[in-house]
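Asker: The following file, my_file_30.csv, comprises CSV, N, CA and C atoms:
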chain,number,residue,atom,x,y,z
A,12,MET,N,141.9,84.5,95.5
A,12,MET,CA,142.8,84.8,96.6
A,12,MET,C,143.5,83.5,97.0
A,13,VAL,N,144.7,83.7,97.4
A,13,VAL,CA,145.5,82.5,97.9
A,13,VAL,C,145.7,82.7,99.4
A,14,THR,N,145.6,81.6,100.1
A,14,THR,CA,145.9,81.7,101.5
A,14,THR,C,147.3,81.3,101.8
A,15,GLU,N,148.0,82.1,102.6
A,15,GLU,CA,149.4,81.9,102.9
A,15,GLU,C,149.6,81.9,104.4
A,16,GLU,N,150.3,80.9,104.9
A,16,GLU,CA,150.7,80.8,106.3
A,16,GLU,C,152.0,81.6,106.5
A,17,ILE,N,152.0,82.5,107.4
A,17,ILE,CA,153.1,83.3,107.8
A,17,ILE,C,153.7,82.7,109.1
A,18,HIS,N,155.0,82.3,109.0
A,18,HIS,CA,155.7,81.8,110.2
A,18,HIS,C,156.8,82.7,110.5
A,19,SER,N,156.9,83.1,111.7
A,19,SER,CA,158.1,83.9,112.2
A,19,SER,C,159.2,82.9,112.5
A,20,ARG,N,160.4,83.1,112.0
A,20,ARG,CA,161.6,82.3,112.3
A,20,ARG,C,162.6,83.0,113.2
A,21,SER,N,162.1,84.0,113.9
A,21,SER,CA,163.0,84.7,114.8
A,21,SER,C,163.4,83.9,116.0
A,22,ARG,N,164.6,84.0,116.4
A,22,ARG,CA,165.1,83.2,117.6
A,22,ARG,C,164.5,83.9,118.9
A,23,THR,N,164.2,85.2,118.8
A,23,THR,CA,163.6,85.8,120.0
A,23,THR,C,162.2,86.2,119.6
A,24,ALA,N,161.3,85.9,120.4
A,24,ALA,CA,159.9,86.2,120.1
A,24,ALA,C,159.2,86.9,121.2
A,25,ALA,N,158.5,87.9,120.8
A,25,ALA,CA,157.6,88.6,121.8
A,25,ALA,C,156.3,87.9,121.8
A,26,PRO,N,155.7,87.8,122.9
A,26,PRO,CA,154.4,87.1,123.0
A,26,PRO,C,153.3,87.9,122.2
A,27,THR,N,152.5,87.2,121.5
A,27,THR,CA,151.4,87.9,120.8
A,27,THR,C,150.1,87.1,121.1
A,28,GLU,N,149.0,87.5,120.6
A,28,GLU,CA,147.8,86.8,120.9
A,28,GLU,C,147.8,85.4,120.2
A,29,ASP,N,148.8,85.2,119.3
A,29,ASP,CA,148.9,84.0,118.5
A,29,ASP,C,150.1,83.1,119.1
A,30,SER,N,150.6,83.5,120.2
A,30,SER,CA,151.7,82.7,120.7
A,30,SER,C,151.7,82.6,122.2
A,31,GLU,N,152.4,81.7,122.8
A,31,GLU,CA,152.5,81.5,124.2
A,31,GLU,C,153.9,81.2,124.5
A,32,ILE,N,154.5,81.9,125.4
A,32,ILE,CA,155.9,81.7,125.8
A,32,ILE,C,155.9,81.3,127.3
A,33,ARG,N,156.5,80.2,127.6
A,33,ARG,CA,156.5,79.7,129.0
A,33,ARG,C,158.0,79.3,129.4
A,34,GLU,N,158.3,79.8,130.5
A,34,GLU,CA,159.6,79.3,131.2
A,34,GLU,C,159.2,78.2,132.1
A,35,LEU,N,159.9,77.1,132.0
A,35,LEU,CA,159.7,76.0,132.9
A,35,LEU,C,159.8,76.4,134.4
A,36,THR,N,158.9,76.0,135.2
A,36,THR,CA,158.9,76.2,136.6
A,36,THR,C,159.6,75.0,137.3
A,37,ASP,N,160.1,75.2,138.5
A,37,ASP,CA,160.7,74.1,139.2
A,37,ASP,C,159.7,72.9,139.3
A,38,GLY,N,160.2,71.8,138.9
A,38,GLY,CA,159.4,70.5,139.0
A,38,GLY,C,158.5,70.3,137.8
A,39,GLU,N,158.4,71.3,136.8
A,39,GLU,CA,157.6,71.1,135.6
A,39,GLU,C,158.5,70.5,134.5
A,40,SER,N,157.9,69.5,133.9
A,40,SER,CA,158.6,68.8,132.8
A,40,SER,C,158.4,69.6,131.5
A,41,ILE,N,159.3,69.4,130.5
A,41,ILE,CA,159.1,70.1,129.2
A,41,ILE,C,157.8,69.6,128.6
A,42,THR,N,157.5,68.4,128.7
A,42,THR,CA,156.2,67.8,128.2
A,42,THR,C,155.0,68.6,128.8
A,43,GLU,N,155.0,68.8,130.1
A,43,GLU,CA,153.9,69.5,130.8
A,43,GLU,C,153.9,70.9,130.3
A,44,ALA,N,155.0,71.6,130.1
A,44,ALA,CA,155.0,73.0,129.7
A,44,ALA,C,154.5,73.1,128.3
A,45,VAL,N,155.0,72.2,127.4
A,45,VAL,CA,154.5,72.2,126.0
A,45,VAL,C,153.0,72.0,125.9
A,46,THR,N,152.5,71.0,126.7
A,46,THR,CA,151.1,70.7,126.6
A,46,THR,C,150.3,71.8,127.1
A,47,ASN,N,150.7,72.5,128.2
A,47,ASN,CA,149.9,73.6,128.7
A,47,ASN,C,150.0,74.8,127.8
A,48,ALA,N,151.1,75.1,127.2
A,48,ALA,CA,151.2,76.2,126.2
A,48,ALA,C,150.3,75.9,125.0
A,49,LEU,N,150.4,74.7,124.5
A,49,LEU,CA,149.5,74.3,123.4
A,49,LEU,C,148.0,74.4,123.7
A,50,SER,N,147.7,74.0,124.9
A,50,SER,CA,146.3,74.1,125.3
A,50,SER,C,145.8,75.6,125.3
A,51,SER,N,146.7,76.5,125.7
A,51,SER,CA,146.4,77.9,125.8
A,51,SER,C,146.2,78.5,124.3
A,52,VAL,N,147.2,78.2,123.5
A,52,VAL,CA,147.2,78.7,122.1
A,52,VAL,C,146.0,78.1,121.3
A,53,LEU,N,145.8,76.8,121.5
A,53,LEU,CA,144.8,76.2,120.7
A,53,LEU,C,143.4,76.3,121.3
A,54,GLU,N,143.3,76.9,122.5
A,54,GLU,CA,142.1,77.1,123.2
A,54,GLU,C,141.3,75.8,123.4
A,55,THR,N,142.0,74.8,124.0
A,55,THR,CA,141.3,73.6,124.2
A,55,THR,C,141.9,73.0,125.6
A,56,GLU,N,141.1,72.2,126.2
A,56,GLU,CA,141.5,71.5,127.4
A,56,GLU,C,142.6,70.5,127.1
A,57,THR,N,143.5,70.3,128.0
A,57,THR,CA,144.6,69.3,127.8
A,57,THR,C,144.1,67.9,127.6
A,58,THR,N,143.0,67.6,128.3
A,58,THR,CA,142.4,66.3,128.3
A,58,THR,C,141.7,66.0,126.9
A,59,SER,N,141.5,67.0,126.1
A,59,SER,CA,140.8,66.9,124.8
A,59,SER,C,141.9,66.8,123.7
A,60,MET,N,143.1,67.0,124.0
A,60,MET,CA,144.2,67.1,123.0
A,60,MET,C,144.7,65.7,122.7
A,61,GLU,N,145.2,65.6,121.4
A,61,GLU,CA,145.9,64.4,121.0
A,61,GLU,C,147.2,64.3,121.9
A,62,PRO,N,147.5,63.1,122.4
A,62,PRO,CA,148.7,63.0,123.2
A,62,PRO,C,150.0,63.5,122.5
A,63,LEU,N,150.8,64.3,123.2
A,63,LEU,CA,152.0,64.9,122.7
A,63,LEU,C,152.9,63.8,122.1
A,64,HIS,N,153.0,62.7,122.8
A,64,HIS,CA,153.9,61.6,122.4
A,64,HIS,C,153.5,61.0,121.0
A,65,SER,N,152.3,61.3,120.5
A,65,SER,CA,151.9,60.8,119.1
A,65,SER,C,152.5,61.7,118.1
A,66,VAL,N,153.1,62.9,118.5
A,66,VAL,CA,153.7,63.8,117.5
A,66,VAL,C,155.2,63.9,117.6
A,67,VAL,N,155.7,63.7,118.9
A,67,VAL,CA,157.1,63.8,119.1
A,67,VAL,C,157.5,62.8,120.2
A,68,ASP,N,158.7,62.4,120.2
A,68,ASP,CA,159.2,61.4,121.2
A,68,ASP,C,159.5,62.2,122.5
A,69,THR,N,158.5,62.2,123.4
A,69,THR,CA,158.6,63.0,124.6
A,69,THR,C,159.8,62.6,125.5
A,70,ASP,N,160.1,61.3,125.5
A,70,ASP,CA,161.3,60.9,126.3
A,70,ASP,C,162.6,61.5,125.8
A,71,ALA,N,162.7,61.5,124.5
A,71,ALA,CA,163.9,62.1,123.8
A,71,ALA,C,163.9,63.6,124.1
A,72,LEU,N,162.7,64.3,124.0
A,72,LEU,CA,162.6,65.7,124.2
A,72,LEU,C,163.1,66.1,125.6
A,73,GLU,N,162.7,65.3,126.6
A,73,GLU,CA,163.1,65.5,128.0
A,73,GLU,C,164.6,65.3,128.1
A,74,ALA,N,165.1,64.2,127.5
A,74,ALA,CA,166.5,63.9,127.6
A,74,ALA,C,167.4,64.9,126.9
A,75,ILE,N,167.0,65.5,125.8
A,75,ILE,CA,167.8,66.5,125.1
A,75,ILE,C,168.1,67.7,126.0
A,76,PHE,N,167.1,68.1,126.8
A,76,PHE,CA,167.2,69.3,127.6
A,76,PHE,C,167.5,69.0,129.1
A,77,ALA,N,167.7,67.8,129.4
A,77,ALA,CA,168.0,67.4,130.8
A,77,ALA,C,169.4,68.0,131.2
A,78,PRO,N,169.5,68.3,132.5
A,78,PRO,CA,170.8,68.9,132.9
A,78,PRO,C,172.0,67.9,132.6
A,79,ARG,N,173.2,68.5,132.4
A,79,ARG,CA,174.4,67.7,132.1
A,79,ARG,C,174.6,66.8,133.3
A,80,GLY,N,175.6,65.9,133.2
A,80,GLY,CA,175.9,64.9,134.2
A,80,GLY,C,176.4,65.6,135.5
A,81,ASP,N,177.0,66.8,135.4
A,81,ASP,CA,177.4,67.5,136.6
A,81,ASP,C,176.3,68.4,137.2
A,82,GLY,N,175.1,68.3,136.6
A,82,GLY,CA,174.0,69.1,137.1
A,82,GLY,C,173.8,70.5,136.5
A,83,THR,N,174.7,70.9,135.7
A,83,THR,CA,174.5,72.3,135.1
A,83,THR,C,173.5,72.2,134.0
A,84,PRO,N,172.7,73.2,133.8
A,84,PRO,CA,171.7,73.2,132.8
A,84,PRO,C,172.3,73.4,131.4
A,85,ARG,N,171.6,72.8,130.4
A,85,ARG,CA,172.0,73.0,129.0
A,85,ARG,C,171.5,74.4,128.6
A,86,LYS,N,172.4,75.1,127.9
A,86,LYS,CA,172.0,76.5,127.6
A,86,LYS,C,171.9,76.7,126.1
A,87,SER,N,172.2,75.7,125.3
A,87,SER,CA,172.2,75.9,123.8
A,87,SER,C,171.4,74.8,123.2
A,88,GLY,N,171.0,75.0,121.9
A,88,GLY,CA,170.2,74.1,121.2
A,88,GLY,C,168.7,74.3,121.3
A,89,PHE,N,168.0,73.8,120.3
A,89,PHE,CA,166.6,73.9,120.3
A,89,PHE,C,166.0,72.8,119.5
A,90,VAL,N,164.7,72.6,119.7
A,90,VAL,CA,163.9,71.6,118.9
A,90,VAL,C,162.7,72.3,118.4
A,91,GLU,N,162.3,72.1,117.2
A,91,GLU,CA,161.0,72.6,116.7
A,91,GLU,C,160.2,71.5,116.1
A,92,PHE,N,158.9,71.5,116.3
A,92,PHE,CA,158.0,70.5,115.7
A,92,PHE,C,156.7,71.1,115.5
A,93,GLU,N,155.8,70.5,114.8
A,93,GLU,CA,154.4,70.9,114.6
A,93,GLU,C,153.5,70.0,115.3
A,94,TYR,N,152.5,70.7,115.9
A,94,TYR,CA,151.4,69.9,116.6
A,94,TYR,C,150.1,70.6,116.1
A,95,ASP,N,149.2,69.8,115.5
A,95,ASP,CA,148.0,70.3,115.0
A,95,ASP,C,148.3,71.5,114.1
A,96,SER,N,147.8,72.7,114.3
A,96,SER,CA,148.1,73.8,113.5
A,96,SER,C,149.1,74.8,114.1
A,97,ALA,N,149.8,74.3,115.1
A,97,ALA,CA,150.7,75.1,115.9
A,97,ALA,C,152.2,74.7,115.6
A,98,ARG,N,153.1,75.6,115.8
A,98,ARG,CA,154.5,75.3,115.7
A,98,ARG,C,155.1,75.4,117.1
A,99,VAL,N,155.8,74.5,117.6
A,99,VAL,CA,156.4,74.5,118.9
A,99,VAL,C,157.9,74.6,118.8
A,100,ARG,N,158.5,75.4,119.7
A,100,ARG,CA,159.9,75.6,119.8
A,100,ARG,C,160.3,75.4,121.2
A,101,VAL,N,161.2,74.5,121.5
A,101,VAL,CA,161.7,74.3,122.9
A,101,VAL,C,163.2,74.7,122.8
A,102,GLU,N,163.6,75.6,123.7
A,102,GLU,CA,165.0,76.1,123.7
A,102,GLU,C,165.4,76.2,125.2
A,103,GLY,N,166.1,75.3,125.6
A,103,GLY,CA,166.5,75.3,127.0
A,103,GLY,C,165.3,75.1,127.9
A,104,ARG,N,165.1,76.0,128.8
A,104,ARG,CA,163.9,76.0,129.7
A,104,ARG,C,162.8,76.8,129.2
A,105,THR,N,162.8,77.2,127.9
A,105,THR,CA,161.7,78.1,127.4
A,105,THR,C,161.0,77.3,126.3
A,106,VAL,N,159.7,77.4,126.4
A,106,VAL,CA,158.8,76.8,125.4
A,106,VAL,C,158.0,77.9,124.7
A,107,VAL,N,158.0,77.9,123.4
A,107,VAL,CA,157.2,78.9,122.6
A,107,VAL,C,156.3,78.1,121.7
A,108,VAL,N,155.0,78.4,121.7
A,108,VAL,CA,154.1,77.8,120.8
A,108,VAL,C,153.5,78.9,119.9
A,109,TYR,N,153.6,78.8,118.6
A,109,TYR,CA,153.0,79.7,117.7
A,109,TYR,C,151.9,79.1,116.9
A,110,ARG,N,150.8,79.9,116.8
A,110,ARG,CA,149.7,79.5,115.9
A,110,ARG,C,150.0,80.2,114.6
A,111,PRO,N,150.1,79.5,113.5
A,111,PRO,CA,150.4,80.2,112.2
A,111,PRO,C,149.4,81.3,111.9
A,112,ARG,N,149.9,82.4,111.5
A,112,ARG,CA,149.0,83.5,111.1
A,112,ARG,C,148.6,83.2,109.6
A,113,VAL,N,147.4,83.5,109.3
A,113,VAL,CA,146.9,83.2,108.0
A,113,VAL,C,146.4,84.6,107.4
A,114,ARG,N,146.8,84.8,106.2
A,114,ARG,CA,146.4,86.1,105.6
A,114,ARG,C,146.0,85.8,104.1
A,115,ASN,N,145.2,86.5,103.5
A,115,ASN,CA,144.8,86.4,102.1
A,115,ASN,C,145.7,87.2,101.3
A,116,VAL,N,146.2,86.7,100.2
A,116,VAL,CA,147.1,87.4,99.3
A,116,VAL,C,146.5,87.4,98.0
A,117,SER,N,146.4,88.5,97.4
A,117,SER,CA,145.8,88.6,96.0
A,117,SER,C,146.7,88.0,95.0
A,118,GLU,N,146.1,87.4,94.0
A,118,GLU,CA,146.9,86.8,92.9
A,118,GLU,C,147.3,87.9,92.0
As a first step, turn the structure in this file into structure tokens.

Answerer:
Amino acid sequence: MVTEEIHSRSRTAAPTEDSEIRELTDGESITEAVTNALSSVLETETTSMEPLHSVVDTDALEAIFAPRGDGTPRKSGFVEFEYDSARVRVEGRTVVVYRPRVRNVSE
């Protein structure tokens, strides 16, 4: 048998037991939202996790989605990256963390 990782590439995702979708709350940074979503999906305490900044430039991540100079929110664009065994997608004020689904495929 061959093990194959299945990744959904859909722009819209419905939450599953293998994913976590979070909308940023007032005062919450993208880094905090990503860390909390990863903690939930990977079933580990945030204090036990490898720091997010070791995988992605968190300052750049925050800057990409910061409001425009006139204060209006950015509504387009996304960033995807991998952390441990999960795939993270940040799109505006939404964070989605996917744990890859693994299935056995017969040769």

Asker: Show which residues sit within 8 Å of Glu93 in chain A, as a short mmCIF file (atom, residue, chain, number, x, y, z; two decimals) with N, CA and C atoms, in the coordinates of the input. Count only N, CA and C atoms, and ignore same-chain residues fewer than 5 positions away.

Answerer:
data_model
loop_
_atom_site.label_atom_id
_atom_site.label_comp_id
_atom_site.auth_asym_id
_atom_site.auth_seq_id
_atom_site.Cartn_x
_atom_site.Cartn_y
_atom_site.Cartn_z
N VAL A 66 153.10 62.90 118.50
CA VAL A 66 153.70 63.80 117.50
C VAL A 66 155.20 63.90 117.60
N VAL A 67 155.70 63.70 118.90
CA VAL A 67 157.10 63.80 119.10
C VAL A 67 157.50 62.80 120.20
N ARG A 98 153.10 75.60 115.80
CA ARG A 98 154.50 75.30 115.70
C ARG A 98 155.10 75.40 117.10
N VAL A 99 155.80 74.50 117.60
CA VAL A 99 156.40 74.50 118.90
C VAL A 99 157.90 74.60 118.80
N ARG A 100 158.50 75.40 119.70
CA ARG A 100 159.90 75.60 119.80
C ARG A 100 160.30 75.40 121.20
#

Asker: Applying 8 Å and all atoms listed in the file, which residues near Thr69 in chain A remain after dropping the ones on its own chain fewer than 6 positions away? List them as a ChimeraX atom specification.

Answerer: /A:41-42,63,75

Asker: Kindly save the residues from that selection, with N, CA and C atoms included, as an mmCIF file, in the coordinates of the input.

Answerer:
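New file part_39.cif:
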data_model
loop_
_atom_site.group_PDB
_atom_site.id
_atom_site.type_symbol
_atom_site.label_atom_id
_atom_site.label_comp_id
_atom_site.auth_asym_id
_atom_site.auth_seq_id
_atom_site.Cartn_x
_atom_site.Cartn_y
_atom_site.Cartn_z
ATOM 1 N N ILE A 41 159.300 69.400 130.500
ATOM 2 C CA ILE A 41 159.100 70.100 129.200
ATOM 3 C C ILE A 41 157.800 69.600 128.600
ATOM 4 N N THR A 42 157.500 68.400 128.700
ATOM 5 C CA THR A 42 156.200 67.800 128.200
ATOM 6 C C THR A 42 155.000 68.600 128.800
ATOM 7 N N LEU A 63 150.800 64.300 123.200
ATOM 8 C CA LEU A 63 152.000 64.900 122.700
ATOM 9 C C LEU A 63 152.900 63.800 122.100
ATOM 10 N N ILE A 75 167.000 65.500 125.800
ATOM 11 C CA ILE A 75 167.800 66.500 125.100
ATOM 12 C C ILE A 75 168.100 67.700 126.000
#

Asker: Between A:Leu72, A:Arg85, A:Arg79, A:Ser51, which one has atoms that come closest to Asp29 in chain A, using all atoms listed in the file?

Answerer: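 Closest to Asp29 in chain A of all the choices is A:Ser51.
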
Asker: So how far away is CA of Tyr109 in chain A from atom N of Thr36 in chain A, in Å?

Answerer: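 So the answer is 18.8 Å.
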
Asker: Up to 7 Å from (163.1, 78.8, 121.1) in the file's coordinates: name the residues, counting only N, CA and C atoms, as a VMD selection string.

Answerer: chain A and resid 22 to 23 89 to 90 100 to 103 105 to 107

Asker: For the residues in that selection, give me N, CA and C atoms as a short mmCIF file (atom, residue, chain, number, x, y, z; two decimals), in the frame of the given file.

Answerer:
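Wrote it out as selection-v3.cif, contents follow:
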data_model
loop_
_atom_site.label_atom_id
_atom_site.label_comp_id
_atom_site.auth_asym_id
_atom_site.auth_seq_id
_atom_site.Cartn_x
_atom_site.Cartn_y
_atom_site.Cartn_z
N ARG A 22 164.60 84.00 116.40
CA ARG A 22 165.10 83.20 117.60
C ARG A 22 164.50 83.90 118.90
N THR A 23 164.20 85.20 118.80
CA THR A 23 163.60 85.80 120.00
C THR A 23 162.20 86.20 119.60
N PHE A 89 168.00 73.80 120.30
CA PHE A 89 166.60 73.90 120.30
C PHE A 89 166.00 72.80 119.50
N VAL A 90 164.70 72.60 119.70
CA VAL A 90 163.90 71.60 118.90
C VAL A 90 162.70 72.30 118.40
N ARG A 100 158.50 75.40 119.70
CA ARG A 100 159.90 75.60 119.80
C ARG A 100 160.30 75.40 121.20
N VAL A 101 161.20 74.50 121.50
CA VAL A 101 161.70 74.30 122.90
C VAL A 101 163.20 74.70 122.80
N GLU A 102 163.60 75.60 123.70
CA GLU A 102 165.00 76.10 123.70
C GLU A 102 165.40 76.20 125.20
N GLY A 103 166.10 75.30 125.60
CA GLY A 103 166.50 75.30 127.00
C GLY A 103 165.30 75.10 127.90
N THR A 105 162.80 77.20 127.90
CA THR A 105 161.70 78.10 127.40
C THR A 105 161.00 77.30 126.30
N VAL A 106 159.70 77.40 126.40
CA VAL A 106 158.80 76.80 125.40
C VAL A 106 158.00 77.90 124.70
N VAL A 107 158.00 77.90 123.40
CA VAL A 107 157.20 78.90 122.60
C VAL A 107 156.30 78.10 121.70
#

Asker: Record the distance separating atom N of Tyr94 in chain A and atom N of Asp70 in chain A, expressed in Å with one decimal.

Answerer: 15.4 Å

Asker: Just the alpha helix (DSSP H) stuff from range 16-103 of chain A, please, per backbone DSSP, written as an MDAnalysis selection string.

Answerer: chainID A and resid 41:53 69:75
